[in-house]
file query_27.pdb (PDB, C-alpha atoms)
ATOM      1  CA  MET A   1      64.226  54.097 117.021
ATOM      2  CA  SER A   2      63.850  51.040 114.830
ATOM      3  CA  SER A   3      62.933  53.151 111.815
ATOM      4  CA  ALA A   4      66.102  55.166 112.332
ATOM      5  CA  ALA A   5      68.113  51.947 112.410
ATOM      6  CA  VAL A   6      66.474  50.722 109.218
ATOM      7  CA  TRP A   7      67.174  54.041 107.529
ATOM      8  CA  ARG A   8      70.818  53.899 108.525
ATOM      9  CA  GLY A   9      71.122  50.280 107.514
ATOM     10  CA  ASP A  10      69.669  50.844 104.042
ATOM     11  CA  LEU A  11      71.997  53.673 103.330
ATOM     12  CA  ALA A  12      75.026  51.839 104.685
ATOM     13  CA  VAL A  13      74.296  48.948 102.339
ATOM     14  CA  LEU A  14      73.770  51.177  99.349
ATOM     15  CA  HIS A  15      77.023  53.093  99.720
ATOM     16  CA  VAL A  16      75.818  56.568  99.123
ATOM     17  CA  SER A  17      78.445  59.091 100.026
ATOM     18  CA  PRO A  18      81.205  60.588  97.872
ATOM     19  CA  SER A  19      84.495  58.816  98.086
ATOM     20  CA  PRO A  20      87.301  60.160 100.245
ATOM     21  CA  GLU A  21      89.342  61.257  97.225
ATOM     22  CA  LYS A  22      86.961  64.078  96.368
ATOM     23  CA  SER A  23      87.594  65.441  92.916
ATOM     24  CA  GLU A  24      88.946  68.935  92.523
ATOM     25  CA  PHE A  25      86.243  69.779  90.036
ATOM     26  CA  GLY A  26      83.528  68.500  92.353
ATOM     27  CA  MET A  27      84.824  70.528  95.262
ATOM     28  CA  GLY A  28      85.068  73.603  93.081
ATOM     29  CA  CYS A  29      81.467  73.121  92.011
ATOM     30  CA  LEU A  30      80.289  72.751  95.581
ATOM     31  CA  ARG A  31      82.139  75.898  96.552
ATOM     32  CA  ARG A  32      80.444  77.723  93.726
ATOM     33  CA  LEU A  33      77.066  76.411  94.742
ATOM     34  CA  ALA A  34      77.750  77.639  98.251
ATOM     35  CA  MET A  35      78.388  81.238  97.282
ATOM     36  CA  PRO A  36      74.948  82.395  96.165
ATOM     37  CA  GLN A  37      73.396  80.290  98.887
ATOM     38  CA  ALA A  38      75.570  81.911 101.549
ATOM     39  CA  LEU A  39      74.635  85.358 100.256
ATOM     40  CA  LEU A  40      71.001  84.345 100.350
ATOM     41  CA  VAL A  41      71.319  83.143 103.935
ATOM     42  CA  ILE A  42      72.896  86.414 105.009
ATOM     43  CA  MET A  43      70.214  88.459 103.307
ATOM     44  CA  ALA A  44      67.484  86.204 104.639
ATOM     45  CA  LEU A  45      68.743  86.629 108.194
ATOM     46  CA  LEU A  46      69.056  90.373 107.840
ATOM     47  CA  SER A  47      66.162  91.505 105.772
ATOM     48  CA  TYR A  48      63.854  88.913 104.295
ATOM     49  CA  HIS A  49      60.491  87.941 105.678
ATOM     50  CA  VAL A  50      60.830  84.699 107.567
ATOM     51  CA  GLN A  51      57.940  83.072 105.706
ATOM     52  CA  ILE A  52      59.659  83.120 102.387
ATOM     53  CA  ILE A  53      62.739  81.184 103.457
ATOM     54  CA  THR A  54      61.153  77.859 102.540
ATOM     55  CA  ARG A  55      60.017  79.276  99.236
ATOM     56  CA  LEU A  56      63.471  80.492  98.348
ATOM     57  CA  SER A  57      65.186  77.301  99.435
ATOM     58  CA  SER A  58      63.659  75.444  96.514
ATOM     59  CA  ALA A  59      66.089  76.927  94.021
ATOM     60  CA  TYR A  60      69.351  76.334  95.844
ATOM     61  CA  PRO A  61      70.500  72.721  95.643
ATOM     62  CA  LEU A  62      73.495  72.711  97.961
ATOM     63  CA  TRP A  63      71.584  72.019 101.135
ATOM     64  CA  TYR A  64      70.055  68.859  99.614
ATOM     65  CA  ILE A  65      73.545  67.624  98.822
ATOM     66  CA  TRP A  66      74.621  68.380 102.374
ATOM     67  CA  LEU A  67      71.646  66.508 103.820
ATOM     68  CA  ILE A  68      72.290  63.407 101.751
ATOM     69  CA  SER A  69      76.034  63.422 102.397
ATOM     70  CA  SER A  70      75.587  63.842 106.139
ATOM     71  CA  ILE A  71      73.011  61.101 106.427
ATOM     72  CA  ALA A  72      75.094  58.774 104.287
ATOM     73  CA  ALA A  73      78.259  59.472 106.245
ATOM     74  CA  ALA A  74      76.452  58.744 109.464
ATOM     75  CA  GLY A  75      74.982  55.592 107.981
ATOM     76  CA  ARG A  76      78.232  54.319 106.584
ATOM     77  CA  GLN A  77      80.343  54.778 109.640
ATOM     78  CA  GLY A  78      77.628  54.232 112.163
ATOM     79  CA  GLU A  79      78.509  57.429 113.923
ATOM     80  CA  SER A  80      76.648  60.679 114.071
ATOM     81  CA  GLY A  81      78.751  63.763 114.213
ATOM     82  CA  PHE A  82      77.664  66.938 115.888
ATOM     83  CA  TYR A  83      75.158  68.833 113.822
ATOM     84  CA  PHE A  84      73.521  72.097 114.589
ATOM     85  CA  THR A  85      70.430  70.490 113.126
ATOM     86  CA  ASN A  86      70.292  66.725 112.761
ATOM     87  CA  PRO A  87      69.917  66.039 109.015
ATOM     88  CA  LYS A  88      67.646  63.071 109.585
ATOM     89  CA  THR A  89      65.304  65.301 111.562
ATOM     90  CA  VAL A  90      65.299  67.756 108.689
ATOM     91  CA  VAL A  91      64.254  65.065 106.217
ATOM     92  CA  ARG A  92      61.548  63.818 108.544
ATOM     93  CA  TRP A  93      60.316  67.368 108.943
ATOM     94  CA  MET A  94      60.246  67.846 105.182
ATOM     95  CA  ILE A  95      58.009  64.834 104.724
ATOM     96  CA  ILE A  96      55.631  65.817 107.500
ATOM     97  CA  TYR A  97      55.560  69.420 106.382
ATOM     98  CA  ALA A  98      54.788  68.385 102.806
ATOM     99  CA  MET A  99      51.618  66.801 104.106
ATOM    100  CA  MET A 100      50.716  69.624 106.466
ATOM    101  CA  GLN A 101      51.370  72.336 103.963
ATOM    102  CA  GLY A 102      48.564  71.228 101.727
ATOM    103  CA  ALA A 103      46.108  71.799 104.546
ATOM    104  CA  LEU A 104      47.643  75.104 105.583
ATOM    105  CA  TYR A 105      47.743  76.370 102.061
ATOM    106  CA  ALA A 106      44.121  75.529 101.362
ATOM    107  CA  SER A 107      43.066  77.441 104.470
ATOM    108  CA  PHE A 108      45.058  80.504 103.501
ATOM    109  CA  LEU A 109      47.134  80.156 106.648
ATOM    110  CA  PRO A 110      50.857  80.979 106.704
ATOM    111  CA  PRO A 111      53.116  80.437 104.825
ATOM    112  CA  ALA A 112      50.821  81.169 101.940
TER     113      ALA A 112
ATOM    114  CA  MET B 113      49.471  75.945  86.973
ATOM    115  CA  ALA B 114      50.442  73.382  84.377
ATOM    116  CA  LEU B 115      53.567  75.447  83.791
ATOM    117  CA  SER B 116      54.426  75.331  87.490
ATOM    118  CA  ASN B 117      53.980  71.605  87.722
ATOM    119  CA  PHE B 118      55.946  71.049  84.553
ATOM    120  CA  CYS B 119      58.729  73.317  85.780
ATOM    121  CA  HIS B 120      58.874  71.479  89.073
ATOM    122  CA  LEU B 121      59.259  68.203  87.201
ATOM    123  CA  LEU B 122      61.958  69.686  85.001
ATOM    124  CA  SER B 123      63.814  71.092  87.955
ATOM    125  CA  VAL B 124      63.859  67.704  89.675
ATOM    126  CA  LEU B 125      65.428  66.294  86.513
ATOM    127  CA  VAL B 126      67.914  69.143  86.295
ATOM    128  CA  ILE B 127      68.929  68.676  89.935
ATOM    129  CA  TYR B 128      69.596  65.033  89.151
ATOM    130  CA  SER B 129      71.733  66.009  86.197
ATOM    131  CA  LEU B 130      73.528  68.690  88.202
ATOM    132  CA  SER B 131      74.405  66.306  91.007
ATOM    133  CA  LYS B 132      75.688  63.808  88.489
ATOM    134  CA  THR B 133      77.886  66.480  86.959
ATOM    135  CA  ILE B 134      79.322  67.467  90.330
ATOM    136  CA  PHE B 135      79.933  63.944  91.563
ATOM    137  CA  ALA B 136      80.844  62.441  88.199
ATOM    138  CA  GLN B 137      84.407  61.817  89.168
ATOM    139  CA  ALA B 138      83.658  60.241  92.500
ATOM    140  CA  SER B 139      84.601  56.612  92.340
ATOM    141  CA  GLU B 140      81.214  55.009  92.519
ATOM    142  CA  SER B 141      78.933  55.194  89.554
ATOM    143  CA  ARG B 142      76.420  53.617  91.826
ATOM    144  CA  SER B 143      76.433  56.714  93.959
ATOM    145  CA  LEU B 144      72.975  57.612  95.086
ATOM    146  CA  ILE B 145      73.638  61.264  95.776
ATOM    147  CA  PRO B 146      72.109  62.456  92.494
ATOM    148  CA  ILE B 147      68.943  60.450  92.834
ATOM    149  CA  ALA B 148      68.560  61.194  96.531
ATOM    150  CA  THR B 149      69.043  64.900  95.898
ATOM    151  CA  ALA B 150      66.406  64.832  93.188
ATOM    152  CA  ALA B 151      64.097  62.915  95.501
ATOM    153  CA  LEU B 152      64.558  65.511  98.232
ATOM    154  CA  HIS B 153      63.659  68.230  95.798
ATOM    155  CA  ILE B 154      60.352  66.498  95.194
ATOM    156  CA  ILE B 155      59.440  66.854  98.868
ATOM    157  CA  ASN B 156      60.795  70.347  98.959
ATOM    158  CA  PRO B 157      59.485  72.519 101.823
ATOM    159  CA  ALA B 158      58.211  75.035  99.326
ATOM    160  CA  GLY B 159      55.823  72.298  98.214
ATOM    161  CA  ALA B 160      52.565  74.040  97.525
ATOM    162  CA  PHE B 161      54.315  77.063  96.061
ATOM    163  CA  LEU B 162      55.959  74.901  93.442
ATOM    164  CA  LEU B 163      52.649  73.523  92.257
ATOM    165  CA  ALA B 164      50.513  76.623  92.421
ATOM    166  CA  PRO B 165      50.839  79.384  89.838
ATOM    167  CA  TYR B 166      53.640  81.212  91.616
ATOM    168  CA  THR B 167      56.993  82.024  90.118
ATOM    169  CA  GLU B 168      58.872  79.622  92.408
ATOM    170  CA  ALA B 169      58.807  76.597  90.111
ATOM    171  CA  LEU B 170      59.892  78.538  87.056
ATOM    172  CA  PHE B 171      62.607  80.302  89.003
ATOM    173  CA  SER B 172      63.815  77.021  90.497
ATOM    174  CA  PHE B 173      64.023  75.395  87.076
ATOM    175  CA  LEU B 174      65.816  78.333  85.463
ATOM    176  CA  HIS B 175      68.159  78.870  88.359
ATOM    177  CA  ILE B 176      69.265  75.276  88.638
ATOM    178  CA  SER B 177      69.583  75.044  84.845
ATOM    179  CA  GLY B 178      71.854  78.046  85.064
ATOM    180  CA  PHE B 179      74.049  76.218  87.554
ATOM    181  CA  GLN B 180      74.060  73.158  85.305
ATOM    182  CA  LEU B 181      75.142  75.129  82.246
ATOM    183  CA  TYR B 182      77.789  76.906  84.284
ATOM    184  CA  PHE B 183      79.299  73.694  85.615
ATOM    185  CA  TRP B 184      79.214  72.117  82.176
ATOM    186  CA  GLY B 185      81.097  75.177  80.976
ATOM    187  CA  LEU B 186      83.687  74.797  83.730
ATOM    188  CA  ARG B 187      84.073  71.105  83.023
ATOM    189  CA  ASP B 188      84.557  71.702  79.309
ATOM    190  CA  ARG B 189      87.093  74.361  80.138
ATOM    191  CA  LEU B 190      89.072  71.744  82.053
ATOM    192  CA  LYS B 191      88.849  69.549  78.995
ATOM    193  CA  HIS B 192      90.093  72.466  76.881
ATOM    194  CA  LYS B 193      86.972  72.712  74.768
ATOM    195  CA  SER B 194      87.116  76.433  75.003
ATOM    196  CA  LEU B 195      84.481  77.506  72.468
ATOM    197  CA  ARG B 196      81.910  75.166  73.895
ATOM    198  CA  SER B 197      82.841  76.259  77.369
ATOM    199  CA  ASP B 198      82.444  79.945  76.493
ATOM    200  CA  VAL B 199      79.063  79.354  74.919
ATOM    201  CA  GLN B 200      77.890  77.437  77.954
ATOM    202  CA  ILE B 201      79.047  80.081  80.382
ATOM    203  CA  LEU B 202      77.353  82.824  78.397
ATOM    204  CA  ALA B 203      74.228  80.697  78.163
ATOM    205  CA  ALA B 204      74.371  80.225  81.933
ATOM    206  CA  GLY B 205      74.543  83.999  82.296
ATOM    207  CA  ALA B 206      71.530  84.422  80.054
ATOM    208  CA  VAL B 207      69.539  81.798  81.922
ATOM    209  CA  PHE B 208      70.414  83.345  85.275
ATOM    210  CA  GLY B 209      69.393  86.692  83.818
ATOM    211  CA  ILE B 210      66.005  85.348  82.808
ATOM    212  CA  SER B 211      65.622  83.755  86.227
ATOM    213  CA  THR B 212      66.353  87.161  87.750
ATOM    214  CA  THR B 213      63.508  88.696  85.796
ATOM    215  CA  VAL B 214      61.290  85.986  87.283
ATOM    216  CA  ARG B 215      62.489  86.420  90.858
ATOM    217  CA  SER B 216      65.004  89.021  91.794
ATOM    218  CA  ASN B 217      67.033  86.858  94.133
ATOM    219  CA  GLY B 218      68.536  85.300  91.026
ATOM    220  CA  LEU B 219      70.794  88.300  91.104
ATOM    221  CA  LEU B 220      72.806  86.718  93.915
ATOM    222  CA  SER B 221      74.042  84.083  91.480
ATOM    223  CA  GLY B 222      76.062  86.739  89.760
ATOM    224  CA  ALA B 223      78.519  85.966  92.554
ATOM    225  CA  LEU B 224      79.585  82.882  90.588
ATOM    226  CA  PHE B 225      80.743  84.957  87.663
ATOM    227  CA  LEU B 226      82.426  87.426  89.969
ATOM    228  CA  TYR B 227      84.304  84.657  91.753
ATOM    229  CA  ASP B 228      85.633  83.126  88.551
ATOM    230  CA  ALA B 229      86.372  86.518  87.028
ATOM    231  CA  ILE B 230      88.470  87.399  90.060
ATOM    232  CA  HIS B 231      90.284  84.069  89.776
ATOM    233  CA  VAL B 232      91.135  84.715  86.144
ATOM    234  CA  MET B 233      92.132  88.278  86.863
ATOM    235  CA  LEU B 234      94.481  87.218  89.636
ATOM    236  CA  SER B 235      96.102  84.654  87.384
ATOM    237  CA  LEU B 236      96.409  87.273  84.652
ATOM    238  CA  LEU B 237      98.106  89.657  87.028
ATOM    239  CA  SER B 238     100.483  87.120  88.472
ATOM    240  CA  ASN B 239     101.335  85.269  85.272
ATOM    241  CA  THR B 240     101.818  86.455  81.733
ATOM    242  CA  LEU B 241      98.979  87.807  79.673
ATOM    243  CA  SER B 242      97.346  85.375  77.341
ATOM    244  CA  VAL B 243      94.560  85.713  74.852
ATOM    245  CA  GLU B 244      92.868  82.668  76.264
ATOM    246  CA  LYS B 245      92.656  84.143  79.741
ATOM    247  CA  CYS B 246      91.429  87.490  78.463
ATOM    248  CA  LYS B 247      88.737  85.676  76.573
ATOM    249  CA  GLN B 248      87.757  83.797  79.724
ATOM    250  CA  LEU B 249      87.640  87.017  81.684
ATOM    251  CA  ALA B 250      85.437  88.585  79.034
ATOM    252  CA  CYS B 251      83.153  85.588  79.176
ATOM    253  CA  PHE B 252      82.696  85.781  82.914
ATOM    254  CA  GLY B 253      82.286  89.528  82.742
ATOM    255  CA  ILE B 254      79.612  89.371  80.075
ATOM    256  CA  GLY B 255      77.887  86.496  81.860
ATOM    257  CA  GLY B 256      77.772  88.506  85.054
ATOM    258  CA  CYS B 257      76.380  91.488  83.197
ATOM    259  CA  LEU B 258      73.668  89.322  81.700
ATOM    260  CA  VAL B 259      72.600  88.360  85.208
ATOM    261  CA  GLY B 260      72.498  91.997  86.196
ATOM    262  CA  LEU B 261      70.486  92.882  83.130
ATOM    263  CA  GLY B 262      67.784  90.602  84.420
ATOM    264  CA  THR B 263      67.119  93.003  87.220
ATOM    265  CA  ILE B 264      67.789  96.197  85.323
ATOM    266  CA  ILE B 265      65.643  95.577  82.251
ATOM    267  CA  PRO B 266      62.255  95.290  83.990
ATOM    268  CA  GLN B 267      63.004  98.361  86.062
ATOM    269  CA  TRP B 268      64.208 100.259  83.019
ATOM    270  CA  ASN B 269      61.031  99.272  81.280
ATOM    271  CA  ALA B 270      58.966 100.606  84.151
ATOM    272  CA  TYR B 271      61.001 103.771  84.267
ATOM    273  CA  THR B 272      60.541 104.571  80.609
ATOM    274  CA  ARG B 273      56.861 103.819  80.938
ATOM    275  CA  TYR B 274      56.102 105.922  83.979
ATOM    276  CA  CYS B 275      58.828 108.460  84.419
ATOM    277  CA  THR B 276      59.452 109.804  80.956
ATOM    278  CA  PRO B 277      57.191 112.102  78.948
ATOM    279  CA  GLY B 278      54.206 110.113  77.791
ATOM    280  CA  PRO B 279      50.723 109.236  78.961
ATOM    281  CA  ASN B 280      51.829 108.291  82.470
ATOM    282  CA  TYR B 281      54.297 111.052  83.098
ATOM    283  CA  GLY B 282      54.241 112.619  86.505
ATOM    284  CA  THR B 283      51.847 110.132  88.045
ATOM    285  CA  ARG B 284      54.221 108.015  90.054
ATOM    286  CA  PRO B 285      55.949 109.270  93.205
ATOM    287  CA  TRP B 286      58.942 106.984  92.921
ATOM    288  CA  CYS B 287      60.282 108.681  89.810
ATOM    289  CA  ASN B 288      61.965 111.330  91.880
ATOM    290  CA  ASP B 289      63.859 108.963  94.167
ATOM    291  CA  SER B 290      67.624 109.081  93.986
ATOM    292  CA  VAL B 291      67.563 105.557  92.543
ATOM    293  CA  PRO B 292      64.174 105.409  90.810
ATOM    294  CA  SER B 293      63.461 101.750  91.334
ATOM    295  CA  ILE B 294      59.959 100.423  90.948
ATOM    296  CA  TYR B 295      60.889  97.373  92.996
ATOM    297  CA  ALA B 296      61.814  99.499  96.007
ATOM    298  CA  TRP B 297      58.586 101.456  95.667
ATOM    299  CA  VAL B 298      56.436  98.334  95.566
ATOM    300  CA  GLN B 299      58.207  96.966  98.612
ATOM    301  CA  ARG B 300      57.868 100.175 100.534
ATOM    302  CA  HIS B 301      54.357 101.107  99.585
ATOM    303  CA  TYR B 302      52.505  97.835  99.319
ATOM    304  CA  TRP B 303      54.354  95.459 101.558
ATOM    305  CA  TYR B 304      55.960  97.420 104.298
ATOM    306  CA  ASP B 305      54.384  96.526 107.601
ATOM    307  CA  ALA B 306      55.153  99.177 110.152
ATOM    308  CA  THR B 307      54.680  96.772 113.036
ATOM    309  CA  HIS B 308      57.528  94.555 111.853
ATOM    310  CA  PRO B 309      60.219  96.942 110.731
ATOM    311  CA  PRO B 310      63.148  94.587 110.185
ATOM    312  CA  PHE B 311      61.241  92.083 108.082
ATOM    313  CA  ILE B 312      60.392  93.234 104.626
ATOM    314  CA  LEU B 313      58.717  90.762 102.355
ATOM    315  CA  LEU B 314      60.783  90.310  99.276
ATOM    316  CA  CYS B 315      58.695  88.796  96.550
TER     317      CYS B 315
END
call {"tool": "encode", "arguments": {"input": "query_27.pdb", "output": "structure tokens"}}
result
Amino acid sequence: MSSAAVWRGDLAVLHVSPSPEKSEFGMGCLRRLAMPQALLVIMALLSYHVQIITRLSSAYPLWYIWLISSIAAAGRQGESGFYFTNPKTVVRWMIIYAMMQGALYASFLPPA
Amino acid sequence: MALSNFCHLLSVLVIYSLSKTIFAQASESRSLIPIATAALHIINPAGAFLLAPYTEALFSFLHISGFQLYFWGLRDRLKHKSLRSDVQILAAGAVFGISTTVRSNGLLSGALFLYDAIHVMLSLLSNTLSVEKCKQLACFGIGGCLVGLGTIIPQWNAYTRYCTPGPNYGTRPWCNDSVPSIYAWVQRHYWYDATHPPFILLC
């Protein structure tokens, strides 16, 4: 609980999110980043092996941008909107998984 | 393995640069989105795959560099630097094409070129013709084709090696398929797990 408050406080102080007057170019770029990623998501849901989703996600930057923007927006306004998956949980999971994956990988367990 | 690690480092740097390009016009130059995005890429869930000698790190670097070149091209187009913009968009196509030879899901990024090509085509149809727009359309078209070549060239290579008269002629069963794709054969023959029909591992 306290660590979550510290996280929010740091980000609120550091003013992370994009400004309300989002640039046309920036929005166009984000839309273009979304397209291949959306196609990938559809194909991953329909036909890819579930283990390779984390592998593939490394090359598509839009979801990082979404994570940071969501966390920053929550931090700045002190509110947390409704998320299908809480972005803070995702970041925490990434850190824990980074540590666990080394052990899993060395033992030839999934996802390797 | 050194290549993988180096590519992972490069792709963190390219993500930083890409985020700066996208959010360049946001009011705060102190914005931490670029650096936070790059930091997240360091603790990417594909962690071990990016450090081990898999193709993930190389693909990630090439793919994100492709995006970077593409957005630079779009930005220069807005600034009316049309030659530079064309070169960058074609370079983006080439880089995406190379990334597609590394991992075939790079092919999905051809959607970018298709999207912009459709935009230009619609504006051509609704407004008057102009040389500039035709040139843009050609650029996006060629860029898209370069991405597609990345998947066609390796398969063409395999086809000419195994399916045409030569030392290996007649040895491979996939030559007679309606679309003689070595990729489909490898998927079907080596990876298909009959107990999990809907999930086919796509390498």
call {"tool": "residues_around", "arguments": {"input": "query_27.pdb", "residues": "range 104-108 of chain A", "least_positions_apart": "5", "cutoff": "10 Å", "atoms": "all atoms listed in the file", "output": "PyMOL selection string"}}
result
(chain A and resi 97+99) or (chain B and resi 159-161)
call {"tool": "closest_residue", "arguments": {"input": "query_27.pdb", "among": "A:Ala38, A:Val90, A:Ala98, A:Met27", "to": "Tyr60 in chain A", "atoms": "all atoms listed in the file"}}
result
A:Ala38
call {"tool": "resolve_selection", "arguments": {"input": "query_27.pdb", "expression": "the PyMOL selection byres ((chain B and resi 185) around 10)", "output": "ChimeraX atom specification"}}
result
/B:179-184,186-191,193-204
call {"tool": "atom_distance", "arguments": {"input": "query_27.pdb", "atom1": "CA of Met43 in chain A", "atom2": "CA of Asn156 in chain B"}}
result
20.9 Å
call {"tool": "residues_around", "arguments": {"input": "query_27.pdb", "residues": "Tyr64 in chain A", "least_positions_apart": "2", "cutoff": "9 Å", "atoms": "only C-alpha atoms", "output": "count of residues only"}}
result
12
call {"tool": "closest_residue", "arguments": {"input": "query_27.pdb", "among": "B:Ile145, B:Leu237, B:Gly262, B:Gly178", "to": "Ser70 in chain A", "atoms": "all atoms listed in the file"}}
result
B:Ile145
call {"tool": "atom_distance", "arguments": {"input": "query_27.pdb", "atom1": "CA of Gly256 in chain B", "atom2": "CA of Ala34 in chain A"}}
result
17.1 Å
call {"tool": "closest_residue", "arguments": {"input": "query_27.pdb", "among": "B:Leu224, B:Leu261, B:Val124, B:Ile154", "to": "chain A", "atoms": "all atoms listed in the file"}}
result
B:Leu224
call {"tool": "residues_near_point", "arguments": {"input": "query_27.pdb", "point": "(73.1, 67.6, 90.9)", "cutoff": "9 Å", "atoms": "all atoms listed in the file", "output": "short mmCIF file (atom, residue, chain, number, x, y, z; two decimals) with C-alpha atoms, keeping the file's coordinate frame"}}
result
data_model
loop_
_atom_site.label_atom_id
_atom_site.label_comp_id
_atom_site.auth_asym_id
_atom_site.auth_seq_id
_atom_site.Cartn_x
_atom_site.Cartn_y
_atom_site.Cartn_z
CA PRO A 61 70.50 72.72 95.64
CA LEU A 62 73.50 72.71 97.96
CA ILE A 65 73.54 67.62 98.82
CA LEU B 125 65.43 66.29 86.51
CA VAL B 126 67.91 69.14 86.30
CA ILE B 127 68.93 68.68 89.94
CA TYR B 128 69.60 65.03 89.15
CA SER B 129 71.73 66.01 86.20
CA LEU B 130 73.53 68.69 88.20
CA SER B 131 74.40 66.31 91.01
CA LYS B 132 75.69 63.81 88.49
CA THR B 133 77.89 66.48 86.96
CA ILE B 134 79.32 67.47 90.33
CA PHE B 135 79.93 63.94 91.56
CA ILE B 145 73.64 61.26 95.78
CA PRO B 146 72.11 62.46 92.49
CA ILE B 147 68.94 60.45 92.83
CA THR B 149 69.04 64.90 95.90
CA ALA B 150 66.41 64.83 93.19
CA ILE B 176 69.26 75.28 88.64
CA GLN B 180 74.06 73.16 85.30
#
call {"tool": "residues_around", "arguments": {"input": "query_27.pdb", "residues": "Phe208 in chain B", "least_positions_apart": "2", "cutoff": "7 Å", "atoms": "only C-alpha atoms", "output": "PyMOL selection string"}}
result
chain B and resi 174-175+178+204-206+210-212+218+259
call {"tool": "closest_residue", "arguments": {"input": "query_27.pdb", "among": "B:Gly222, B:Pro157, B:Pro165, B:Pro266", "to": "Gln37 in chain A", "atoms": "only C-alpha atoms"}}
result
B:Gly222
call {"tool": "atom_distance", "arguments": {"input": "query_27.pdb", "atom1": "CA of Phe252 in chain B", "atom2": "CA of Trp268 in chain B"}}
result
23.5 Å
call {"tool": "closest_residue", "arguments": {"input": "query_27.pdb", "among": "A:Ala59, A:Pro87, A:Gln51, A:Leu46", "to": "chain B", "atoms": "all atoms listed in the file"}}
result
A:Ala59
call {"tool": "axis_aligned_box", "arguments": {"input": "query_27.pdb", "around": "range 203-219 of chain B", "padding_each_side": "6 Å", "output": "JSON"}}
result
{"center_x": 67.9, "center_y": 84.6, "center_z": 86.1, "size_x": 25.3, "size_y": 20.8, "size_z": 28.0}
call {"tool": "closest_residue", "arguments": {"input": "query_27.pdb", "among": "B:Asn117, B:Ser177, B:Ser143, B:Thr276", "to": "chain A", "atoms": "all atoms listed in the file"}}
result
B:Ser143
call {"tool": "residues_around", "arguments": {"input": "query_27.pdb", "residues": "Ala229 in chain B", "least_positions_apart": "5", "cutoff": "8 Å", "atoms": "all atoms listed in the file", "output": "ChimeraX atom specification"}}
result
/B:248-249,252-253
call {"tool": "resolve_selection", "arguments": {"input": "query_27.pdb", "expression": "the PyMOL selection byres ((chain B and resi 120) around 10)", "output": "list of chain:residue names"}}
result
A:Ser58, B:Ala114, B:Leu115, B:Ser116, B:Asn117, B:Phe118, B:Cys119, B:Leu121, B:Leu122, B:Ser123, B:Val124, B:Leu125, B:Val126, B:His153, B:Ile154, B:Gly159, B:Leu162, B:Leu163, B:Glu168, B:Ala169, B:Leu170, B:Phe171, B:Ser172, B:Phe173
